[in-house]
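Colleague: I am sharing upload-v7.txt, which consists of compact mmCIF, C-alpha atoms (C1' of nucleotides):
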# COMPACT_ATOMS: atom_id res chain seq x y z
CA MET A 1 127.38 108.04 152.31
CA ARG A 2 130.22 107.36 149.95
CA LYS A 3 130.00 104.11 147.95
CA SER A 4 132.70 101.76 146.73
CA ARG A 5 134.40 102.25 143.39
CA GLU A 6 132.37 99.36 142.04
CA ALA A 7 129.09 100.75 143.36
CA ALA A 8 129.95 104.16 141.90
CA ALA A 9 130.46 102.58 138.46
CA GLU A 10 127.08 100.91 138.86
CA SER A 11 125.55 104.29 139.75
CA ARG A 12 126.95 105.73 136.56
CA ARG A 13 125.60 102.85 134.51
CA ALA A 14 122.18 103.24 136.16
CA ILE A 15 122.12 106.97 135.38
CA VAL A 16 122.81 106.31 131.68
CA GLU A 17 120.22 103.54 131.48
CA THR A 18 117.55 105.52 133.30
CA ALA A 19 118.27 108.59 131.19
CA ALA A 20 118.01 106.54 128.00
CA ALA A 21 114.49 105.46 128.98
CA LEU A 22 113.27 108.76 130.45
CA LEU A 23 114.58 110.81 127.53
CA ARG A 24 112.71 108.65 125.03
CA GLU A 25 109.58 108.73 127.15
CA ARG A 26 109.50 112.43 128.05
CA GLY A 27 111.81 114.17 125.63
CA LEU A 28 115.10 116.07 125.87
CA GLY A 29 113.48 118.51 128.31
CA VAL A 30 113.43 115.95 131.12
CA GLY A 31 115.30 117.34 134.12
CA LEU A 32 118.41 116.01 135.84
CA THR A 33 116.52 116.11 139.12
CA GLU A 34 113.94 113.68 137.78
CA ILE A 35 116.52 111.38 136.20
CA MET A 36 118.57 111.24 139.39
CA ALA A 37 115.49 110.71 141.53
CA ALA A 38 114.47 107.78 139.29
CA VAL A 39 117.91 106.27 139.88
CA GLY A 40 117.49 106.85 143.62
CA MET A 41 120.02 109.66 144.00
CA THR A 42 119.83 113.43 144.46
CA HIS A 43 120.74 115.78 141.64
CA GLY A 44 123.82 117.03 143.49
CA GLY A 45 125.68 113.80 142.81
CA PHE A 46 125.29 114.08 139.06
CA TYR A 47 128.41 116.10 138.29
CA ARG A 48 130.77 113.55 139.82
CA HIS A 49 129.79 111.30 136.92
CA PHE A 50 129.20 113.59 133.95
CA ALA A 51 130.56 116.92 132.76
CA SER A 52 127.12 118.23 131.78
CA LYS A 53 123.59 117.22 130.97
CA GLU A 54 124.41 117.31 127.28
CA ALA A 55 127.22 114.78 127.83
CA LEU A 56 124.83 112.40 129.56
CA VAL A 57 122.22 112.80 126.83
CA ALA A 58 124.73 112.03 124.09
CA GLU A 59 126.00 108.95 125.94
CA ALA A 60 122.48 107.70 126.69
CA LEU A 61 121.41 108.08 123.07
CA GLU A 62 124.54 106.39 121.78
CA GLN A 63 124.03 103.45 124.09
CA ALA A 64 120.36 103.08 123.23
CA LEU A 65 121.15 103.14 119.51
CA ASP A 66 124.01 100.67 119.85
CA GLU A 67 121.65 98.28 121.62
CA LYS A 68 119.19 98.61 118.75
CA ALA A 69 121.86 97.95 116.14
CA ALA A 70 123.10 94.95 118.15
CA THR A 71 119.77 93.17 117.66
CA LEU A 72 120.49 93.30 113.92
CA ALA A 73 123.96 91.77 114.23
CA PRO A 74 124.52 88.44 112.40
CA GLN A 75 123.78 85.43 114.56
CA PRO A 76 125.32 82.03 113.76
CA GLY A 77 122.87 79.76 111.96
CA ARG A 78 120.30 82.48 111.30
CA PRO A 79 119.84 84.18 107.92
CA ALA A 80 120.56 87.92 108.06
CA ARG A 81 117.36 88.61 106.15
CA GLU A 82 115.34 86.98 108.91
CA ALA A 83 116.90 89.21 111.59
CA LEU A 84 116.01 92.26 109.49
CA ARG A 85 112.47 91.01 108.94
CA ASP A 86 111.90 90.61 112.68
CA TYR A 87 113.42 94.01 113.37
CA VAL A 88 111.14 95.74 110.88
CA ALA A 89 108.06 93.86 112.08
CA LEU A 90 108.72 94.93 115.67
CA TYR A 91 109.49 98.49 114.59
CA LEU A 92 106.17 98.79 112.76
CA SER A 93 104.12 97.39 115.65
CA GLN A 94 101.61 98.79 118.15
CA ALA A 95 103.97 97.65 120.92
CA HIS A 96 106.65 100.00 119.58
CA LEU A 97 104.16 102.87 119.46
CA ASP A 98 103.12 102.18 123.05
CA HIS A 99 106.63 101.95 124.49
CA PRO A 100 108.87 104.75 123.27
CA GLU A 101 111.06 104.34 126.36
CA LYS A 102 112.32 101.02 124.99
CA GLY A 103 112.00 101.97 121.33
CA CYS A 104 113.90 103.75 118.58
CA PRO A 105 115.57 106.96 119.82
CA ILE A 106 115.33 108.50 116.35
CA ALA A 107 111.56 108.16 116.28
CA ALA A 108 111.24 109.28 119.90
CA LEU A 109 113.54 112.30 119.74
CA GLY A 110 114.37 113.03 116.11
CA SER A 111 112.85 116.44 115.67
CA GLU A 112 114.10 117.84 118.99
CA ALA A 113 117.56 116.32 118.71
CA ALA A 114 118.15 117.99 115.36
CA ARG A 115 118.40 121.26 117.34
CA SER A 116 121.15 120.26 119.77
CA PRO A 117 124.41 119.37 118.06
CA ASP A 118 125.60 116.59 120.40
CA SER A 119 122.25 114.80 120.36
CA ALA A 120 122.00 115.19 116.59
CA ARG A 121 125.45 113.67 116.15
CA ALA A 122 124.46 110.68 118.28
CA LEU A 123 121.24 110.10 116.36
CA ALA A 124 122.91 110.54 112.99
CA ALA A 125 125.59 107.99 113.90
CA GLY A 126 122.85 105.59 114.95
CA ALA A 127 120.90 106.15 111.74
CA GLU A 128 124.01 105.48 109.68
CA GLN A 129 124.66 102.29 111.66
CA LEU A 130 121.11 101.08 111.10
CA ALA A 131 121.18 101.94 107.39
CA ALA A 132 124.42 99.98 106.98
CA CYS A 133 122.96 96.93 108.78
CA PHE A 134 119.77 97.11 106.72
CA ALA A 135 121.73 97.26 103.45
CA LYS A 136 123.92 94.32 104.39
CA ASP A 137 120.95 92.20 105.44
CA LEU A 138 118.96 93.06 102.31
CA GLY A 139 121.74 91.76 100.08
CA GLY A 140 121.73 91.93 96.27
CA ASP A 141 123.19 94.88 94.38
CA PRO A 142 124.99 96.96 97.02
CA ILE A 143 124.03 100.33 95.54
CA GLU A 144 120.34 99.49 95.30
CA ALA A 145 120.40 97.74 98.69
CA ARG A 146 121.86 100.85 100.28
CA ARG A 147 119.29 103.09 98.64
CA GLN A 148 116.46 100.84 99.70
CA ALA A 149 117.84 100.60 103.24
CA VAL A 150 117.93 104.39 103.59
CA ALA A 151 114.42 104.77 102.14
CA MET A 152 113.07 102.06 104.44
CA LEU A 153 114.58 103.75 107.48
CA ALA A 154 112.91 107.03 106.49
CA ALA A 155 109.51 105.38 106.08
CA MET A 156 109.81 103.53 109.40
CA VAL A 157 110.81 106.61 111.40
CA GLY A 158 108.15 108.77 109.77
CA ALA A 159 105.43 106.17 110.30
CA VAL A 160 106.16 105.86 114.02
CA VAL A 161 106.43 109.64 114.53
CA ILE A 162 103.10 110.32 112.81
CA ALA A 163 101.34 107.28 114.32
CA ARG A 164 102.34 108.38 117.82
CA ALA A 165 101.08 111.92 117.21
CA ALA A 166 97.85 110.42 115.85
CA GLY A 167 96.83 109.30 119.34
CA ASP A 168 93.93 106.90 119.00
CA SER A 169 92.68 108.21 115.65
CA PRO A 170 92.40 105.74 112.73
CA LEU A 171 95.60 107.16 111.25
CA ARG A 172 97.55 105.46 114.04
CA GLY A 173 97.09 101.94 112.76
CA GLU A 174 96.82 103.00 109.14
CA MET A 175 100.36 104.40 109.19
CA LEU A 176 101.83 101.06 110.20
CA ASP A 177 99.66 99.14 107.71
CA ALA A 178 100.43 101.43 104.78
CA VAL A 179 104.19 101.14 105.23
CA ARG A 180 104.05 97.39 105.85
CA ALA A 181 102.10 97.02 102.58
CA ASP A 182 104.65 98.98 100.54
CA PRO A 183 106.38 96.74 97.96
CA ALA A 184 109.85 96.78 99.54
CA PHE A 185 108.41 95.99 102.97
CA ARG A 186 106.05 93.29 101.70
CA ALA A 187 108.89 91.51 99.94
CA LEU A 188 110.74 91.41 103.24
CA LEU A 189 107.88 90.78 105.67
CA ASP A 190 106.18 88.06 103.57
CA ASP A 191 109.33 85.95 103.47
CA MET B 1 99.38 152.34 125.34
CA ARG B 2 96.13 150.74 124.35
CA LYS B 3 95.61 150.01 120.64
CA SER B 4 92.47 150.03 118.51
CA ARG B 5 90.32 146.93 118.11
CA GLU B 6 91.73 146.52 114.64
CA ALA B 7 95.32 146.87 115.81
CA ALA B 8 94.67 144.37 118.61
CA ALA B 9 93.42 141.83 116.07
CA GLU B 10 96.57 142.44 114.09
CA SER B 11 98.63 141.86 117.26
CA ARG B 12 96.92 138.54 117.75
CA ARG B 13 97.54 137.53 114.15
CA ALA B 14 101.21 138.51 114.47
CA ILE B 15 101.58 136.44 117.64
CA VAL B 16 100.20 133.34 115.91
CA GLU B 17 102.34 133.86 112.83
CA THR B 18 105.52 134.52 114.82
CA ALA B 19 104.82 131.54 117.06
CA ALA B 20 104.29 129.29 114.04
CA ALA B 21 107.76 130.17 112.76
CA LEU B 22 109.61 130.20 116.11
CA LEU B 23 108.07 126.91 117.24
CA ARG B 24 109.22 125.16 114.07
CA GLU B 25 112.65 126.74 114.33
CA ARG B 26 113.32 126.22 118.03
CA GLY B 27 110.86 123.61 119.24
CA LEU B 28 107.92 123.55 121.64
CA GLY B 29 110.24 124.74 124.42
CA VAL B 30 110.46 128.25 123.00
CA GLY B 31 109.29 130.75 125.64
CA LEU B 32 106.39 133.17 125.51
CA THR B 33 108.81 135.96 126.38
CA GLU B 34 110.80 135.27 123.23
CA ILE B 35 107.74 134.94 121.02
CA MET B 36 106.25 138.19 122.33
CA ALA B 37 109.58 139.99 122.03
CA ALA B 38 109.83 138.86 118.39
CA VAL B 39 106.39 140.37 117.78
CA GLY B 40 107.52 143.57 119.50
CA MET B 41 105.46 143.20 122.68
CA THR B 42 106.15 142.25 126.27
CA HIS B 43 105.07 138.90 127.66
CA GLY B 44 102.52 140.52 129.99
CA GLY B 45 100.18 141.26 127.10
CA PHE B 46 99.97 137.66 126.04
CA TYR B 47 97.02 136.57 128.17
CA ARG B 48 94.67 139.18 126.74
CA HIS B 49 94.87 137.20 123.50
CA PHE B 50 95.21 133.55 124.51
CA ALA B 51 94.07 131.40 127.42
CA SER B 52 97.41 129.63 127.71
CA LYS B 53 100.62 128.84 125.89
CA GLU B 54 99.19 125.49 124.86
CA ALA B 55 96.23 127.23 123.19
CA LEU B 56 98.59 129.42 121.17
CA VAL B 57 100.72 126.44 120.16
CA ALA B 58 97.70 124.47 118.95
CA GLU B 59 96.41 127.44 116.97
CA ALA B 60 99.82 128.17 115.45
CA LEU B 61 100.31 124.56 114.37
CA GLU B 62 96.80 124.35 112.92
CA GLN B 63 97.35 127.48 110.91
CA ALA B 64 100.76 126.39 109.63
CA LEU B 65 99.35 123.02 108.56
CA ASP B 66 96.32 124.58 106.89
CA GLU B 67 98.64 126.80 104.89
CA LYS B 68 100.61 123.73 103.78
CA ALA B 69 97.47 121.86 102.73
CA ALA B 70 96.25 124.95 100.87
CA THR B 71 99.20 124.77 98.47
CA LEU B 72 97.87 121.34 97.46
CA ALA B 73 94.38 122.58 96.72
CA PRO B 74 93.11 122.16 93.14
CA GLN B 75 93.83 125.17 90.94
CA PRO B 76 91.80 125.85 87.82
CA GLY B 77 93.60 124.71 84.68
CA ARG B 78 96.32 122.83 86.52
CA PRO B 79 96.42 119.01 86.87
CA ALA B 80 96.18 117.87 90.50
CA ARG B 81 99.07 115.48 89.95
CA GLU B 82 101.31 118.39 89.04
CA ALA B 83 100.50 120.23 92.27
CA LEU B 84 101.37 117.09 94.21
CA ARG B 85 104.60 116.62 92.27
CA ASP B 86 105.73 120.15 93.09
CA TYR B 87 104.78 119.75 96.71
CA VAL B 88 106.78 116.53 97.07
CA ALA B 89 109.78 117.97 95.22
CA LEU B 90 109.89 120.96 97.53
CA TYR B 91 109.37 118.78 100.59
CA LEU B 92 112.34 116.59 99.67
CA SER B 93 114.67 119.52 99.01
CA GLN B 94 117.71 121.04 100.70
CA ALA B 95 115.75 124.28 101.01
CA HIS B 96 113.18 122.52 103.18
CA LEU B 97 115.93 121.07 105.39
CA ASP B 98 117.49 124.51 105.77
CA HIS B 99 114.28 126.36 106.65
CA PRO B 100 112.22 124.47 109.21
CA GLU B 101 110.54 127.73 110.26
CA LYS B 102 108.71 127.82 106.92
CA GLY B 103 108.49 124.05 106.51
CA CYS B 104 106.38 121.11 107.57
CA PRO B 105 105.34 121.28 111.25
CA ILE B 106 105.15 117.49 111.45
CA ALA B 107 108.79 117.10 110.47
CA ALA B 108 109.86 120.01 112.65
CA LEU B 109 107.93 119.05 115.80
CA GLY B 110 106.59 115.53 115.38
CA SER B 111 108.43 113.72 118.14
CA GLU B 112 107.90 116.44 120.78
CA ALA B 113 104.31 117.13 119.85
CA ALA B 114 103.36 113.50 120.36
CA ARG B 115 103.84 114.16 124.09
CA SER B 116 101.46 117.11 124.47
CA PRO B 117 97.86 116.23 123.63
CA ASP B 118 96.77 119.53 122.07
CA SER B 119 99.81 119.75 119.83
CA ALA B 120 99.45 116.09 118.87
CA ARG B 121 95.84 116.63 117.90
CA ALA B 122 96.81 119.57 115.69
CA LEU B 123 99.57 117.62 113.94
CA ALA B 124 97.40 114.54 113.49
CA ALA B 125 94.63 116.62 111.92
CA GLY B 126 97.22 118.14 109.57
CA ALA B 127 98.64 114.74 108.67
CA GLU B 128 95.16 113.45 107.89
CA GLN B 129 94.48 116.49 105.73
CA LEU B 130 97.72 116.01 103.79
CA ALA B 131 97.12 112.27 103.34
CA ALA B 132 93.64 112.97 101.96
CA CYS B 133 95.02 115.57 99.48
CA PHE B 134 97.81 113.22 98.40
CA ALA B 135 95.35 110.37 97.78
CA LYS B 136 93.02 112.55 95.76
CA ASP B 137 95.84 113.94 93.64
CA LEU B 138 97.34 110.50 93.02
CA GLY B 139 94.10 109.25 91.53
CA GLY B 140 93.46 105.66 90.39
CA ASP B 141 92.07 103.03 92.73
CA PRO B 142 91.02 104.94 95.88
CA ILE B 143 92.10 102.22 98.33
CA GLU B 144 95.57 101.88 96.84
CA ALA B 145 95.87 105.66 96.38
CA ARG B 146 95.10 106.18 100.05
CA ARG B 147 97.60 103.53 101.12
CA GLN B 148 100.27 105.00 98.90
CA ALA B 149 99.51 108.51 100.14
CA VAL B 150 99.94 107.48 103.76
CA ALA B 151 103.16 105.58 103.03
CA MET B 152 104.57 108.53 101.07
CA LEU B 153 103.81 110.91 103.92
CA ALA B 154 105.66 108.62 106.33
CA ALA B 155 108.73 108.44 104.08
CA MET B 156 108.78 112.20 103.56
CA VAL B 157 108.52 113.06 107.24
CA GLY B 158 111.09 110.45 108.22
CA ALA B 159 113.52 111.56 105.53
CA VAL B 160 113.41 115.21 106.65
CA VAL B 161 113.69 114.35 110.35
CA ILE B 162 116.72 112.12 109.82
CA ALA B 163 118.34 114.39 107.23
CA ARG B 164 118.10 117.36 109.61
CA ALA B 165 119.65 115.37 112.45
CA ALA B 166 122.40 114.26 110.06
CA GLY B 167 123.85 117.78 110.04
CA ASP B 168 126.35 117.97 107.19
CA SER B 169 127.15 114.26 107.05
CA PRO B 170 126.63 112.43 103.72
CA LEU B 171 123.41 110.90 105.08
CA ARG B 172 121.78 114.33 104.79
CA GLY B 173 121.60 114.37 101.02
CA GLU B 174 121.36 110.60 100.72
CA MET B 175 118.08 110.56 102.65
CA LEU B 176 116.43 112.89 100.15
CA ASP B 177 117.87 111.01 97.16
CA ALA B 178 116.89 107.56 98.42
CA VAL B 179 113.26 108.53 98.96
CA ARG B 180 113.07 110.44 95.66
CA ALA B 181 114.37 107.32 93.89
CA ASP B 182 111.75 105.02 95.43
CA PRO B 183 109.34 103.67 92.79
CA ALA B 184 106.21 105.51 93.97
CA PHE B 185 108.14 108.80 94.15
CA ARG B 186 109.89 108.32 90.80
CA ALA B 187 106.59 107.68 89.06
CA LEU B 188 105.34 110.99 90.40
CA LEU B 189 108.49 113.12 90.15
CA ASP B 190 109.46 111.95 86.64
CA ASP B 191 106.11 113.01 85.19
C1' DA C 1 84.07 153.12 130.72
C1' DT C 2 86.54 149.80 128.51
C1' DT C 3 90.57 147.43 127.29
C1' DA C 4 95.28 146.50 124.99
C1' DT C 5 99.53 146.66 126.69
C1' DC C 6 103.12 147.36 130.16
C1' DT C 7 105.71 146.74 134.58
C1' DA C 8 106.52 143.87 138.25
C1' DT C 9 106.42 139.73 140.48
C1' DA C 10 104.99 135.07 142.33
C1' DG C 11 106.02 130.43 142.19
C1' DA C 12 107.93 126.70 139.87
C1' DT C 13 111.06 124.93 137.29
C1' DC C 14 116.11 123.98 135.47
C1' DT C 15 121.49 123.45 135.24
C1' DA C 16 125.40 123.92 137.78
C1' DT C 17 128.35 124.68 141.86
C1' DA C 18 130.04 124.91 146.79
C1' DG C 19 130.77 122.81 150.89
C1' DA C 20 129.55 119.11 154.30
C1' DT C 21 129.34 114.26 155.33
C1' DA C 22 130.64 109.68 155.77
C1' DA C 23 132.36 105.53 153.90
C1' DT C 24 136.12 103.45 151.08
C1' DG C 25 140.77 102.29 150.24
C1' DC C 26 145.45 103.09 151.16
C1' DA D 1 143.41 110.81 152.32
C1' DT D 2 140.24 110.29 148.90
C1' DT D 3 135.83 110.54 146.97
C1' DA D 4 130.71 109.34 146.10
C1' DT D 5 126.86 111.39 147.56
C1' DC D 6 124.05 114.79 149.99
C1' DT D 7 122.22 119.41 151.35
C1' DA D 8 121.76 123.95 150.08
C1' DT D 9 121.78 127.47 146.96
C1' DA D 10 122.94 130.71 143.03
C1' DG D 11 121.35 132.38 138.86
C1' DA D 12 118.62 131.80 134.96
C1' DT D 13 114.92 130.40 133.00
C1' DC D 14 109.56 129.71 132.39
C1' DT D 15 104.18 130.32 132.76
C1' DA D 16 100.84 132.95 134.72
C1' DT D 17 98.76 136.78 137.32
C1' DA D 18 97.98 141.45 139.51
C1' DG D 19 97.71 146.09 139.07
C1' DA D 20 99.01 150.43 136.61
C1' DT D 21 98.77 153.12 132.45
C1' DA D 22 96.98 155.32 128.59
C1' DA D 23 94.47 155.27 124.42
C1' DT D 24 90.08 153.82 122.21
C1' DG D 25 85.23 153.99 121.69
C1' DC D 26 80.92 155.07 123.56
Reformat the file's structure so that it appears as structure tokens.
Modeller:
Amino acid sequence: MRKSREAAAESRRAIVETAAALLRERGLGVGLTEIMAAVGMTHGGFYRHFASKEALVAEALEQALDEKAATLAPQPGRPAREALRDYVALYLSQAHLDHPEKGCPIAALGSEAARSPDSARALAAGAEQLAACFAKDLGGDPIEARRQAVAMLAAMVGAVVIARAAGDSPLRGEMLDAVRADPAFRALLDD
Amino acid sequence: MRKSREAAAESRRAIVETAAALLRERGLGVGLTEIMAAVGMTHGGFYRHFASKEALVAEALEQALDEKAATLAPQPGRPAREALRDYVALYLSQAHLDHPEKGCPIAALGSEAARSPDSARALAAGAEQLAACFAKDLGGDPIEARRQAVAMLAAMVGAVVIARAAGDSPLRGEMLDAVRADPAFRALLDD
DNA sequence: ATTATCTATAGATCTATAGATAATGC
DNA sequence: ATTATCTATAGATCTATAGATAATGC
């Protein structure tokens, strides 16, 4: 049942993509058997593509975070501040709470990832990337923009983590509202 | 090797306390065998005290969060705002980053707990409790105090989650500094 | 007699590896 | 001939339970 070189590369890509979604949905404890089954393969084939589960996890997180940062990249003819505004609005939305598998890996996996070095490194690199994009898009004094970018990232991640844990209690929506109404966020979102 | 009723109650208390620390240190994946061994018992004795692992986890998280909220309780002859200031200063400290086992369960377990209903309920109840204490201690207009309390909680949790994932990169300290320097936090911390 | 704890184990995971299979690519 | 994938399995977990043991508490 061997596949062509091209098809094998596609298998690899599918494993990373599927892992990126399943990890965010179910956590770092999700098994290789389940990931491979979701791709349509058996777990035995895994080690032709990756050295270890940890290697896959790191690659999946990196890719997911790069995709997120890419949506913040400057687009010709569109103000950077607008791209940031849309990013923040989507981040602080019910849709984001409901779909961790497509959402921010830091919010979905932050507390667990801090305990496994490779995952932590991937998340930290992503956080740094996001903070740098935020600061650039905010503009103004670079030092204050950087500080505000880092503080905004903290508030966004914390709001989504707590709101998700809140289930369907009132705190769920209140978390999003309270952060959106904070001065720095209002200035951006009301633009 | 049976123990007295009193000693059995002490065993139960020790299991909850040990679990509260180990869960925050190692995550929800920590095994009953390890928890019981840390208490000085074998895993076989566990089910005389608890119906399931999940029941222990919920109880351990509840207790840890109650302890946290208790440090915010009003003390005779001490301004509420001062208690809140100290709480926030400790929360946003290197010591808190370095000792998750004694720290905030929401920051230590937030993203994983969101996936297991009982744990999520415990964390959400704790978050609500903290938000209510914050709002009361902030004083002023109740609506705005509540909003600010919720937003501060989000920023604090997010900052600790990201800072812990950041390992020893510069982002670790920057996270704490950026949130501390945010207007609402400065107003409180500079008192 | 009751019961807190222990030993032992069932049954279900999980990561990783070994060896077989069958299709690609030379 | 090479190699992508599969089957099968080793070895190490993990939660939960069954039954034995021995000390408490009546």
Colleague: Box time for range 6-25 of chain D: axis-aligned, enclosing all its listed atoms, 4 Å extra on each side; report centre and edge lengths in Å to one decimal, as lines of an AutoDock Vina configuration file.
Modeller:
center_x = 104.6
center_y = 135.1
center_z = 136.5
size_x = 46.8
size_y = 48.5
size_z = 37.7
Colleague: Out of D:DA20, D:DC26, D:DA12, D:DC6, which residue has the shortest atom-to-atom distance to chain A when counting only C-alpha atoms (C1' of nucleotides)?
Modeller: D:DC6
Colleague: Dump as a PDB file with C-alpha atoms, in the coordinates of the input the residues of chain B that approach chain D to within 12 Å, counting only C-alpha atoms (C1' of nucleotides).
Modeller:
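New file part09.pdb:
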ATOM      1  CA  MET B   1      99.380 152.340 125.340  1.00  0.00           C
ATOM      2  CA  ARG B   2      96.130 150.740 124.350  1.00  0.00           C
ATOM      3  CA  LYS B   3      95.610 150.010 120.640  1.00  0.00           C
ATOM      4  CA  SER B   4      92.470 150.030 118.510  1.00  0.00           C
ATOM      5  CA  ARG B   5      90.320 146.930 118.110  1.00  0.00           C
ATOM      6  CA  GLU B   6      91.730 146.520 114.640  1.00  0.00           C
ATOM      7  CA  ALA B   7      95.320 146.870 115.810  1.00  0.00           C
ATOM      8  CA  ALA B   8      94.670 144.370 118.610  1.00  0.00           C
ATOM      9  CA  GLY B  29     110.240 124.740 124.420  1.00  0.00           C
ATOM     10  CA  VAL B  30     110.460 128.250 123.000  1.00  0.00           C
ATOM     11  CA  GLY B  31     109.290 130.750 125.640  1.00  0.00           C
ATOM     12  CA  LEU B  32     106.390 133.170 125.510  1.00  0.00           C
ATOM     13  CA  THR B  33     108.810 135.960 126.380  1.00  0.00           C
ATOM     14  CA  GLU B  34     110.800 135.270 123.230  1.00  0.00           C
ATOM     15  CA  HIS B  43     105.070 138.900 127.660  1.00  0.00           C
ATOM     16  CA  GLY B  44     102.520 140.520 129.990  1.00  0.00           C
ATOM     17  CA  GLY B  45     100.180 141.260 127.100  1.00  0.00           C
ATOM     18  CA  PHE B  46      99.970 137.660 126.040  1.00  0.00           C
ATOM     19  CA  TYR B  47      97.020 136.570 128.170  1.00  0.00           C
ATOM     20  CA  ARG B  48      94.670 139.180 126.740  1.00  0.00           C
ATOM     21  CA  PHE B  50      95.210 133.550 124.510  1.00  0.00           C
ATOM     22  CA  ALA B  51      94.070 131.400 127.420  1.00  0.00           C
ATOM     23  CA  SER B  52      97.410 129.630 127.710  1.00  0.00           C
ATOM     24  CA  LYS B  53     100.620 128.840 125.890  1.00  0.00           C
ATOM     25  CA  GLU B  54      99.190 125.490 124.860  1.00  0.00           C
TER      26      GLU B  54
END
Colleague: Using all atoms listed in the file, find each residue of chain B with at least one atom at most 6 Å away from an atom of chain A; report its shortest atom-to-atom pair and that distance in Å (one decimal), sort the rows by chain and rising residue number, and return the result as a Markdown table.
Modeller:
| residue | atom | partner | partner_atom | distance |
| --- | --- | --- | --- | --- |
| B:Ala108 | CA | A:Ser111 | CA | 5.6 |
| B:Leu109 | CA | A:Ser111 | CA | 5.6 |
| B:Gly110 | CA | A:Val161 | CA | 6.0 |
| B:Ser111 | CA | A:Leu109 | CA | 5.5 |
| B:Ala114 | CA | A:Ala165 | CA | 4.2 |
| B:Ala120 | CA | A:Ala165 | CA | 4.8 |
| B:Ala124 | CA | A:Ala166 | CA | 4.8 |
| B:Arg147 | CA | A:Ala178 | CA | 5.1 |
| B:Ala151 | CA | A:Val179 | CA | 5.1 |
| B:Ala154 | CA | A:Gly158 | CA | 4.2 |
| B:Ala155 | CA | A:Ala155 | CA | 3.7 |
| B:Val157 | CA | A:Gly158 | CA | 5.0 |
| B:Gly158 | CA | A:Gly158 | CA | 3.7 |
| B:Ala159 | CA | A:Ala154 | CA | 4.7 |
| B:Val161 | CA | A:Ser111 | CA | 5.8 |
| B:Arg164 | CA | A:Ala114 | CA | 5.8 |
| B:Ala165 | CA | A:Ala114 | CA | 4.2 |
| B:Ala166 | CA | A:Ala124 | CA | 4.8 |
| B:Ala178 | CA | A:Arg147 | CA | 5.1 |
| B:Val179 | CA | A:Ala151 | CA | 5.1 |
Colleague: Rounded to one decimal place, report the CA of Thr42 in chain B-CA of Ile15 in chain B distance in Å.
Modeller: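 Straight-line distance from CA of Thr42 in chain B to CA of Ile15 in chain B works out to 11.4 Å.
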Colleague: One number please: CA of Ala95 in chain A to CA of Ala132 in chain A, in Å, one decimal.
Modeller: 24.9 Å
Colleague: When you draw a straight line from CA of Asp190 in chain B to CA of Ala83 in chain B, how long is it in Å?
Modeller: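 These two atoms are separated by 13.4 Å.
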Colleague: Residues at most 9 Å from Ala64 in chain B, counting only C-alpha atoms (C1' of nucleotides), excluding those fewer than 6 positions away in the same chain, as a ChimeraX atom specification?
Modeller: /B:17,20-21,102-105,126
Colleague: Put those residues in a file: C-alpha atoms, as a PDB file, in the frame of the given file.
Modeller:
ATOM      1  CA  GLU B  17     102.340 133.860 112.830  1.00  0.00           C
ATOM      2  CA  ALA B  20     104.290 129.290 114.040  1.00  0.00           C
ATOM      3  CA  ALA B  21     107.760 130.170 112.760  1.00  0.00           C
ATOM      4  CA  LYS B 102     108.710 127.820 106.920  1.00  0.00           C
ATOM      5  CA  GLY B 103     108.490 124.050 106.510  1.00  0.00           C
ATOM      6  CA  CYS B 104     106.380 121.110 107.570  1.00  0.00           C
ATOM      7  CA  PRO B 105     105.340 121.280 111.250  1.00  0.00           C
ATOM      8  CA  GLY B 126      97.220 118.140 109.570  1.00  0.00           C
TER       9      GLY B 126
END
Colleague: Would you kindly return, as a VMD selection string, each protein, DNA or RNA residue with an atom no farther than 7 Å from any atom of Cys133 in chain B, considering only C-alpha atoms (C1' of nucleotides) and excluding same-chain residues fewer than 4 positions away?
Modeller: chain B and resid 72 129 137
Colleague: What does range 4-8 of chain C look like written to a file with N, CA, C and O atoms (P, O5', C5', C4', C3', O3' and C1' of nucleotides), as a compact mmCIF listing (two decimals), in the first residue's frame?
Modeller:
# COMPACT_ATOMS: atom_id res chain seq x y z
P DA C 4 -13.35 3.97 57.05
O5' DA C 4 -11.80 4.32 56.95
C5' DA C 4 -10.98 4.24 58.11
C4' DA C 4 -9.57 3.81 57.74
C3' DA C 4 -9.06 4.39 56.41
O3' DA C 4 -7.71 4.79 56.61
C1' DA C 4 -9.02 2.02 56.31
P DT C 5 -6.88 5.45 55.43
O5' DT C 5 -6.09 4.19 54.84
C5' DT C 5 -5.13 3.52 55.66
C4' DT C 5 -4.72 2.22 54.99
C3' DT C 5 -4.09 2.37 53.61
O3' DT C 5 -2.69 2.15 53.73
C1' DT C 5 -5.53 0.47 53.78
P DC C 6 -1.79 2.07 52.43
O5' DC C 6 -1.75 0.52 52.10
C5' DC C 6 -1.33 -0.41 53.10
C4' DC C 6 -1.33 -1.82 52.54
C3' DC C 6 -0.64 -1.92 51.18
O3' DC C 6 0.38 -2.90 51.21
C1' DC C 6 -2.86 -2.84 51.08
P DT C 7 1.30 -3.06 49.89
O5' DT C 7 0.65 -4.35 49.19
C5' DT C 7 0.43 -5.54 49.93
C4' DT C 7 -0.19 -6.59 49.03
C3' DT C 7 0.50 -6.75 47.67
O3' DT C 7 0.56 -8.14 47.36
C1' DT C 7 -1.79 -6.22 47.33
P DA C 8 1.34 -8.65 46.05
O5' DA C 8 0.16 -8.84 45.00
C5' DA C 8 -1.06 -9.44 45.43
C4' DA C 8 -2.04 -9.47 44.27
C3' DA C 8 -1.40 -9.51 42.88
O3' DA C 8 -2.05 -10.49 42.10
C1' DA C 8 -2.94 -7.73 42.99
